[in-house]
Every structure is written in C-alpha cells, then in structure tokens.
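Chemist: Take a look at the following structure, please.
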Amino acid sequence: MIRALHRWPGLLAALLLTVLALSGAALSLFPAVETLSAPRVETGLSVAELAQRIQDTYPGVEQIRRAPSGRITAYWFDNGRPGSAVIDPSTGSGIAAADPNQTERWLTNLHRSLFLDDTGRIVSALGAGTLLVLTVSGIFLVARRAGGWRRWFSPLKGPLSGRLHVEIARLSVAGLLISSATALWMTANTFDLLPGGPGKPAFPAEVSGKAGIALTKIPTLVKTPVADLRDLTFPYPDDATDVFTLKTDTGTGYIDQGSGDLLAWADLSAWDRVSETVYMLHTGQGASLLGLVLGLMALGLPVMGGTGLAVWAAGRRGRPRLRGNVPANKAETIVLVGSEGGSTWGFAATLQAELKAVGQSVHTAAMSTFNPDRYPKARRIVILAATYGDGDAPASAKGFLERLSAMNRAPDAPLAVLGFGDRSFPAFCAFAEQVMDAAQAKGWQTLIPMETVDRQSPQDFARWGRTFGTAIGVELELNHQPEQPAATGLTLVSRRDYGAEVQAPTAILRFEIPRASLWSRLIGRGFPKFAAGDLLGIIPEGSTLPRFYSLASGAKDGFVEIAVRKHPGGLCSGQLMDLEPGATVNAFIRHNPGFRPGRGKAPLILIGAGTGIGPLAGFIRNNTAGRPIHLFFGARHPESDFLYSEELTEWSRDGRLGRVATAFSRGKSPVYVQDALRRDATEITQLIAAGARIMICGGRDMARGVAESLTDILAPAGLTPAILKAEGRYVEDVY
C-alpha cells in the first residue's frame with residue numbers, strides 16, 4: 001500500500017512537481033540576495049529617527065516598510081505623483097528603485113498559480129499535497145530499504161538509480177516535508193480555509209483632532225527599534241481624524257497624530273505567529289540561509305523523479321516473459337513469486353523452463369494471486385520469495401500472508417519455499433521465513449525444508465534445484481543465467497606476459513574503463529561499478545556465448561584487469577592472448593557478491609593457483625587498512641609464471657599483505673598449494689580460531705585438493721570446510 005501511494009502519484013505528478021521544485025529553488029535565492037544587498041542599520045536607531053530622516057527627504061511620505069531581509073522602502077506623493085525607493089537608513093535618502101524584480105515576480109506567479117490564477121493555485125496545492133504523500137511514504141520506504149529506522153544511513157546496494165534515489169531522499173526529505181506542508185497551509189490561508197486572521201486593534205472612537213507632532217516626539221516610535229519595524233503608515237494629509245498605524249514584530253497599534261499617544265494596541269496572536277513562521281519556512285523571508293538550504297533540498301526532487309522513473313522502468317524490464325505458462329487450473333506445479341525489483345522472476349523463469357523440459361506442467365504467477373481453489377490439479381506449490389527492507393513482503397507478494405491466514409485449512413499440495421536475500425543484511429530472507437512459519441502454523445505439509453539463495457547465487461539455486469528435483473522424482477539441473485547486459489567495448493592499455501617457458505602462455509591484461517554519461521548509468525546502460533572478485537564477461541568473435549574472467553581490480557583502481565591463460569583450442573582465451581595495446585574487446589560486468597572479503601578486521605586466508613590469483617591480488621591491492629592477509633599461491637615455476645610477483649613484494653613491504661606462501665610444481669622440489677597448507681597447518685588452525693575467512697580461487701582440481709587438505713587440518717579443532725561455509729567463512733570462485 002505504501003509503495004503504491006509512493007509510486008503512482010510520483011509518476012503522474014512528476015512534471016508538475018519538477019516545475020514547482022525548480023521554481024521554488026530559484027525563488028530561494030532572492031531573499032539571500034536581498035539580505036546581502038540591504039543597507040545596514042546603525043545600532044540603536046529608532047523608528048522615530050528613521051521616519052524623521054525619510055520625512056525630511058520626502059515630505060510627502062505616506063508609508064515606510066521594512067522587509068524581513070532588513071531592506072527599508074519608502075512610498076510618497078510629490079505634487080500628486082507617487083514615488084518609491086529603497087532607503088539608506090543612515091540618511092533617509094533613496095539609493096535604488098523599489099520596483100519589484102520582474103524575474104522574481106514571474107517565478108512567483110509560476111510557482112504559486114502556474115499563471116492560472118485561482119485554478120492554478122488549486123493545481124499547485126494538489127502538487128504540494130502529492131509531494132507531502134510522496135515524502136511521508138518515502139520516509140517509511142527508505143527505512144524499509146535500509147533495514148529499519150536505526151539503519152537509516154546504512155550503506156546501500158543495488159543499481160545506481162535505486163541507490164541515488166534513496167541517497168537524495170535521505171538528504172532532502174526534511175526540506176520536502178517542510179516545503180509541502182507549508183505550501184498547503186499557505187494555500188488554505190489564501191482561500192480563507194483556516195480560522196482567525198491578523199490581529200488588529202479596534203480603530204479608536206476618539207482622537208485629539210490635532211495634527212503636526214514631530215515624529216521624534218512620539219514616545220512609541222522613539223522606543224521602537226528599527227529592527228522590530230514592519231510597517232509605519234502615515235495619516236492621510238489634511239485629515240485630523242486619521243492616525244499613524246504602526247506594525248511591529250510584536251503587534252499593531254494606532255498613534256494619535258496630534259498628541260503622539262498610543263490610542264490602541266493588539267499583540268500578535270499565537271495563530272498569527274504560527275502563520276508567520278509558516279510563511280518564513282516556505283519563502284525564506286527572514287531566514288535566508290534556511291531558504292537556501294530548503295531550495296537546495298528542493299533540487300533533489302527532479303533528480304528523484306528521474307531516478308524513480310528509472311527504477312520503475314527497470315522493474316518493468318526485469319520481469320521476464322514466461323513462455324508456455326499453463327493455466328492455473330491445469331498445472332501440476334504452481335510457482336508463486338515474491339519479487340521487489342524483478343530479479344526473482346528470472347529465477348522463476350529458469351525453474352519453469354527446466355520443469356517443462358522434464359515433462360512437468362507449470363503455472364507461474366505472483367504470490368499476491370495465491371488462491372488454492374484455482375489449483376485443482378496441483379501436486380506441489382513452490383514459493384520463490386525475496387525480502388524487502390526489514391523483513392517486509394516484496395511488491396508481488398502483497399496480501400499473501402493475509403490470504404493464507406484467512407483459510408480454513410492448508411492446501412492439499414505440499415509446499416517448497418526458497419528464500420532470496422543478502423546475507424549481509426540482518427533481515428536475511430526474513431519474509432520467506434515468515435511464509436514458512438505461517439505455513440507450518442496452518443499445518444501445510446512441506447515437500448522439502450526451506451532453503452535460501454544468497455545474493456542471487458546461481459550455485460545456491462542449482463543446489464536447491466537438485467534437492468527439489470529429487471523430491472519430485474526428476475533430475476533437475478537449474479542453470480540460471482541472468483539476462484546478459486549489453487556489451488561495451490574495452491580498450492587494452494597494457495599487458496604483461498608469463499608462462500612461455502612452461503608452455504602455458506598467460507597474461508595480465510589491463511583495460512581502460514569506458515566513460516559513460518550520468519543518464520546512461522542511471523538507466524543501466526553505462527559500464528557499471530565493479531569490485532575485485534566480480535566477473536568480466538567477454539564475448540569472443542564468432543560466438544554469442546560469453547566467457548567469464550574474475551576481475552583483479554575494482555572501479556576505484558581506475559582500470560579493468562584480468563589474468564588469462566591460453567587454453568588449447570580456447571576461442572576466447574586465444575583471442576585475448578593475441579590482443580595488443582589499443583585493441584578492443586566486447587565485455588560486460590556480472591557482479592559476484594558472494595566472493596568478497598567482507599568487512600571487519602578478521603584475518604583473510606587467500607588460496608589460489610595460476611590465474612586464480614587475479615581477484616586475490618585485487619583484494620590485497622585494496623587492503624589499505626592493513627587487515628591481516630595470508631596468501632597461499634601455486635604456480636608452475638617461479639621464473640616463469642609467478643604472477644604479480646613484483647606487486648606482492650611491494651604490498652608486503654607497505655603492510656597490505658602479511659605473508660606469502662608459494663608452491664611451485666615444476667621447481668627443484670615440486671610442491672602444490674595444498675602441500676603448502678599442510679606445511680602451515682598449525683598457523684592455519686590458529687587463524688581459523690581467530691575468525692579468519694578462507695577465500696579460494698582457481699581450477700576445480702586445485703579447489704578439491706585444498707578442501708581435502710583443510711578437512712584434515714581442521715579435524716582436530718572439530719571444524720570442516722562445510723561448517724565454515726555455513727558460517728560464511730569459506731567461499732570459492734572455481735572454474
């Protein structure tokens with residue numbers, strides 16, 4: 001409900017809100033300029049002295065006004081002709097024309113009424129109301145996205161458009177809340193929809209009937225400082241029944257023009273003060289610095305409109321077309337999807353396609369459509385559920401738990417639940433757990449225990465698929481391939497070659513990061529941010545299938561770097577090894593969030609062989625905080641394919657790398673990396689006890705040998721690689 005309140009008003013009113021925000025931001029400049037340009041008033045100057053100076057210069061003065069900025073303006077008649085000027089209070093003379101700024105007037109009319117008078121005021125008020133709804137709903141959505149109110153300023157993940165949308169909202173939400181609420185108040189006040197009004201004293205029934213008292217002899221004007229003045233209106237000439245009208249920051253009063261007595265006074269009411277505060281907050285008049293801040297916050301609104309549109313469009317694109325979707329009343333397998341950004345639908349499409357390939361009839365739909373009466377032939381119900389924010393239901397799962405709770409009994413078809421989330425957030429797969437708890441409370445039979453997919457891991461999904469396939473009596477291999485993004489041309493800037501002496505040509509290739517416009521990045525068309533451990537997908541000439549290489553650099557390093565070994569008959573590796581600086585390849589980034597060092601100060605044990613050192617070198621390169629890192633590296637020969645040997649020496653010297661243990665299989669004494677681990681078994685056990693995280697990158701055979709060695713090493717401590725994997729302390733990038 002909150003997302004619907006936020007999404008649709010924002011989409012429908014985007015243009016109007018952009019006009020209001022830009023015009024409001026521009027108007028916020030004028031109070032500051034006026035404050036800076038207004039002549040300074042000498043300390044202790046009274047209204048009486050100021051008025052006398054102006055009257056001496058302009059005998060026909062009829063009104064003196066002081067703006068919240070401090071600018072003083074006088075209005076007079078001279079031989080029947082009106083005049084006005086901005087006044088220098090030290091002399092009482094005019095120093096500038098008092099004509100209104102035409103640009104400011106034009107912007108004000110645009111901002112208040114869109115040049116449509118009362119109709120435009122109503123439209124602008126609707127825009128302010130929409131902004132208020134968007135702001136309030138956005139506050140709750142930001143809290144959900146961050147994982148709770150206490151995590152309001154926590155780091156965000158995901159596409160640039162979504163992150164930028166939330167980051168700007170965090171900074172602008174206070175200003176937008178003030179601006180929208182005060183705009184509605186001022187509109188209501190304009191149309192007399194609010195109670196009360198400016199407090200005025202009753203006009204005196206009797207006056208002295210005299211005129212001509214000197215301004216400096218009027219006690220009230222003498223004791224009123226200019227800093228408190230708002231308006232002094234002079235009596236009408238030759239009318240002895242008229243009076244001076246004085247308006248100050250504290251109230252309004254009438255003064256006899258003959259005796260100088262204060263005839264009546266009315267203090268500003270509490271309602272008047274609230275209204276004036278609202279006016280100040282909205283216009284910046286009297287608080288120019290605050291006005292500038294609110295104007296700056298208003299500039300975030302058009303950007304949020306653009307990023308919000310990009311997020312909405314990305315969500316629309318992210319939901320794949322489901323081919324061969326069987327009607328619900330004819331399907332054996334019902335797949336229900338709870339997704340926020342659309343990525344979970346991609347997994348659902350893969351599951352549906354594979355089930356169809358093994359002869360199953362499948363109906364896939366949103367969790368919000370859940371209705372067991374529509375599934376008469378269902379033999380199983382599968383739920384793929386992501387989590388939104390702090391354990392909330394994602395967009396396509398709204399109402400599911402309520403429908404399940406209202407049922408008299410559980411569905412007959414058994415249930416399988418697979419949760420999708422990010423283990424770095426405290427509410428990891430919390431909504432999927434809620435679904436499972438509600439199903440168990442209802443007595444719904446489960447087909448297999450609930451499992452989870454961390455950060456869209458294809459490996460986790462494939463592992464669950466094999467378990468699910470066994471449960472339903474089919475062999476199921478879920479090879480999920482996220483939609484391939486558009487490739488970008490990367491230009492090679494340098495290369496270093498290794499391995500020729502051992503007949504294993506290898507190179508470290510460094511490419512230039514392509515530049516992209518901000519809009520291209522917002523809509524996901526530019527080359528994205530990346531980190532060491534992510535994958536570079538390269539599409540070789542003569543093929544449409546990409547090959548993936550682990551990145552040895554992050555975007556902040558300023559280059560794209562990979563380590564490549566030429567495989568016999570390898571199409572992509574052969575083409576890459578033939579590249580010379582200046583040549584280009586088509587490539588794209590595929591994020592690999594499961595292979596990251598993680599935060600914290602716990603030691604890292606990095607294990608790699610051959611080109612598997614690539615991402616490990618990237619982790620070490622960025623270890624500027626000096627986290628303890630122990631590298632175990634295997635290669636053929638120290639004189640041939642010791643990749644990153646010079647950098648490792650430098651990183652050891654500056655504290656980014658603790659120690660290096662090498663293993664060369666073709667040296668005088670052949671040693672493999674798993675042998676190096678056994679050699680340092682005691683130290684490894686101590687590091688694991690201290691909370692160390694193990695990261696492995698390289699070929700499958702190497703990874704298998706490493707796992708066997710670590711199984712033996714950790715056995716005395718009652719640990720296994722499987723236990724460490726479950727704790728998130730043993731991760732692999734194996735090819």
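Every chain in the structure tokens takes a letter, A first, then B, and so on in the order presented; its residues are numbered from 1, and the ligands are numbered from 1 following the presented order.
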Write out as a PyMOL selection string which residues come within 10 Å of Phe619 in chain A when counting only C-alpha atoms, dropping same-chain ones fewer than 4 positions away.
Modeler: chain A and resi 531-533+552-554+596-597+604+606+613-615+623-624+629+656-657
Chemist: Quick one: residues within 10 Å of Glu402 in chain A, only C-alpha atoms, excluding same-chain residues fewer than 4 positions away - as a short mmCIF file (atom, residue, chain, number, x, y, z; two decimals) with C-alpha atoms, in the first residue's frame?
Modeler:
```
data_model
loop_
_atom_site.label_atom_id
_atom_site.label_comp_id
_atom_site.auth_asym_id
_atom_site.auth_seq_id
_atom_site.Cartn_x
_atom_site.Cartn_y
_atom_site.Cartn_z
CA SER A 368 -0.38 -11.87 -4.49
CA LYS A 398 1.28 -8.30 -1.02
CA ALA A 406 -7.85 -16.49 6.44
CA MET A 407 -8.01 -20.03 5.02
CA ALA A 438 2.74 -19.20 8.68
#
```
Chemist: Need to verify the contact set: Glu647 in chain A, 9 Å, only C-alpha atoms, exclusion of same-chain residues closer than 5 positions in sequence. Can you return it as a list in words?
Modeler: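 The neighbour list is Ala617, Arg621 and Ser652 of chain A.
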Chemist: Output the selection as a short mmCIF file (atom, residue, chain, number, x, y, z; two decimals), in the first residue's frame - N, CA and C atoms for each residue.
Modeler:
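So the final result, stored in result.cif, reads:
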```
data_model
loop_
_atom_site.label_atom_id
_atom_site.label_comp_id
_atom_site.auth_asym_id
_atom_site.auth_seq_id
_atom_site.Cartn_x
_atom_site.Cartn_y
_atom_site.Cartn_z
N ALA A 617 44.70 -10.86 -5.80
CA ALA A 617 45.59 -9.69 -5.91
C ALA A 617 44.78 -8.41 -5.79
N ARG A 621 45.44 -5.50 -3.11
CA ARG A 621 45.70 -4.14 -3.59
C ARG A 621 44.85 -3.12 -2.83
N SER A 652 53.74 -6.46 0.46
CA SER A 652 54.27 -6.98 1.73
C SER A 652 55.04 -5.90 2.46
#
```
Chemist: As a list of chain:residue names, please: the residues near range 439-445 of chain A (cut-off 8 Å, only C-alpha atoms, same-chain neighbours under 3 positions excluded).
Modeler: A:Leu404, A:Ser405, A:Arg409, A:Ala410, A:Pro411, A:Asp412, A:Ala413, A:Pro414, A:Leu415, A:Val435, A:Met436
Chemist: Please produce an output containing N, CA and C atoms for each residue in the selection, written as a compact mmCIF listing (two decimals), in the first residue's frame.
Modeler:
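Listed below is the output, again_31.txt:
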```txt
# COMPACT_ATOMS: atom_id res chain seq x y z
N LEU A 404 -3.45 -16.55 3.36
CA LEU A 404 -3.14 -17.84 3.99
C LEU A 404 -3.74 -17.91 5.39
N SER A 405 -3.65 -16.83 6.13
CA SER A 405 -4.19 -16.81 7.49
C SER A 405 -5.70 -16.96 7.51
N ARG A 409 -8.27 -24.25 6.05
CA ARG A 409 -7.28 -25.31 6.15
C ARG A 409 -6.20 -25.09 5.09
N ALA A 410 -5.10 -25.77 5.27
CA ALA A 410 -3.98 -25.62 4.35
C ALA A 410 -4.28 -26.29 3.02
N PRO A 411 -3.63 -25.86 1.95
CA PRO A 411 -3.79 -26.54 0.65
C PRO A 411 -3.33 -27.99 0.73
N ASP A 412 -3.88 -28.82 -0.14
CA ASP A 412 -3.51 -30.23 -0.16
C ASP A 412 -2.12 -30.44 -0.76
N ALA A 413 -1.76 -29.65 -1.76
CA ALA A 413 -0.46 -29.81 -2.41
C ALA A 413 0.66 -29.38 -1.46
N PRO A 414 1.70 -30.19 -1.31
CA PRO A 414 2.79 -29.83 -0.39
C PRO A 414 3.55 -28.60 -0.87
N LEU A 415 4.28 -27.99 0.06
CA LEU A 415 4.90 -26.69 -0.17
C LEU A 415 6.43 -26.79 -0.16
N VAL A 435 6.77 -16.69 5.73
CA VAL A 435 5.90 -17.56 4.93
C VAL A 435 5.97 -18.99 5.46
N MET A 436 7.18 -19.45 5.73
CA MET A 436 7.34 -20.83 6.22
C MET A 436 6.69 -21.00 7.59
```
Chemist: As a list in words, please: every residue in range 564-604 of chain A that DSSP puts in alpha helix (DSSP H).
Modeler: Leu571, Cys572, Ser573, Gly574, Gln575, Leu576 and Met577 of chain A
Chemist: May I have the residues from that selection written out with C-alpha atoms, as a PDB file, in the first residue's frame?
Modeler:
```
ATOM      1  CA  LEU A 571      38.329 -19.453 -28.659  1.00  0.00           C
ATOM      2  CA  CYS A 572      38.147 -16.575 -26.171  1.00  0.00           C
ATOM      3  CA  SER A 573      41.473 -17.117 -24.410  1.00  0.00           C
ATOM      4  CA  GLY A 574      43.197 -17.376 -27.790  1.00  0.00           C
ATOM      5  CA  GLN A 575      41.725 -14.079 -28.955  1.00  0.00           C
ATOM      6  CA  LEU A 576      42.609 -12.354 -25.690  1.00  0.00           C
ATOM      7  CA  MET A 577      46.199 -13.579 -25.835  1.00  0.00           C
TER       8      MET A 577
END
```
Chemist: Choose the residue, out of A:Phe527, A:Arg636, A:Gly699, A:Ala471, that has the smallest atom-to-atom separation from Ala500 in chain A; count only C-alpha atoms.
Modeler: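 Checking each of A:Phe527, A:Arg636, A:Gly699, A:Ala471 against Ala500 in chain A, counting only C-alpha atoms, the winner is A:Arg636.
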Chemist: As a list in words, please: the residues near range 665-669 of chain A (cut-off 9 Å, only C-alpha atoms, same-chain neighbours under 4 positions excluded).
Modeler: Val502, Gly634, Ala635, Arg636, His637, Pro638 and Val673 of chain A
Chemist: If we count only C-alpha atoms and set the cut-off at 9 Å, which residues sit around Gly295 in chain A, ignoring sequence neighbours fewer than 2 positions away in its own chain? Please answer as a list of chain:residue names.
Modeler: A:Ala21, A:Leu22, A:Gly24, A:Ala25, A:Ala26, A:Leu27, A:Ser28, A:Leu29, A:Gly175, A:Leu290, A:Gly291, A:Leu292, A:Val293, A:Met297, A:Ala298, A:Leu299
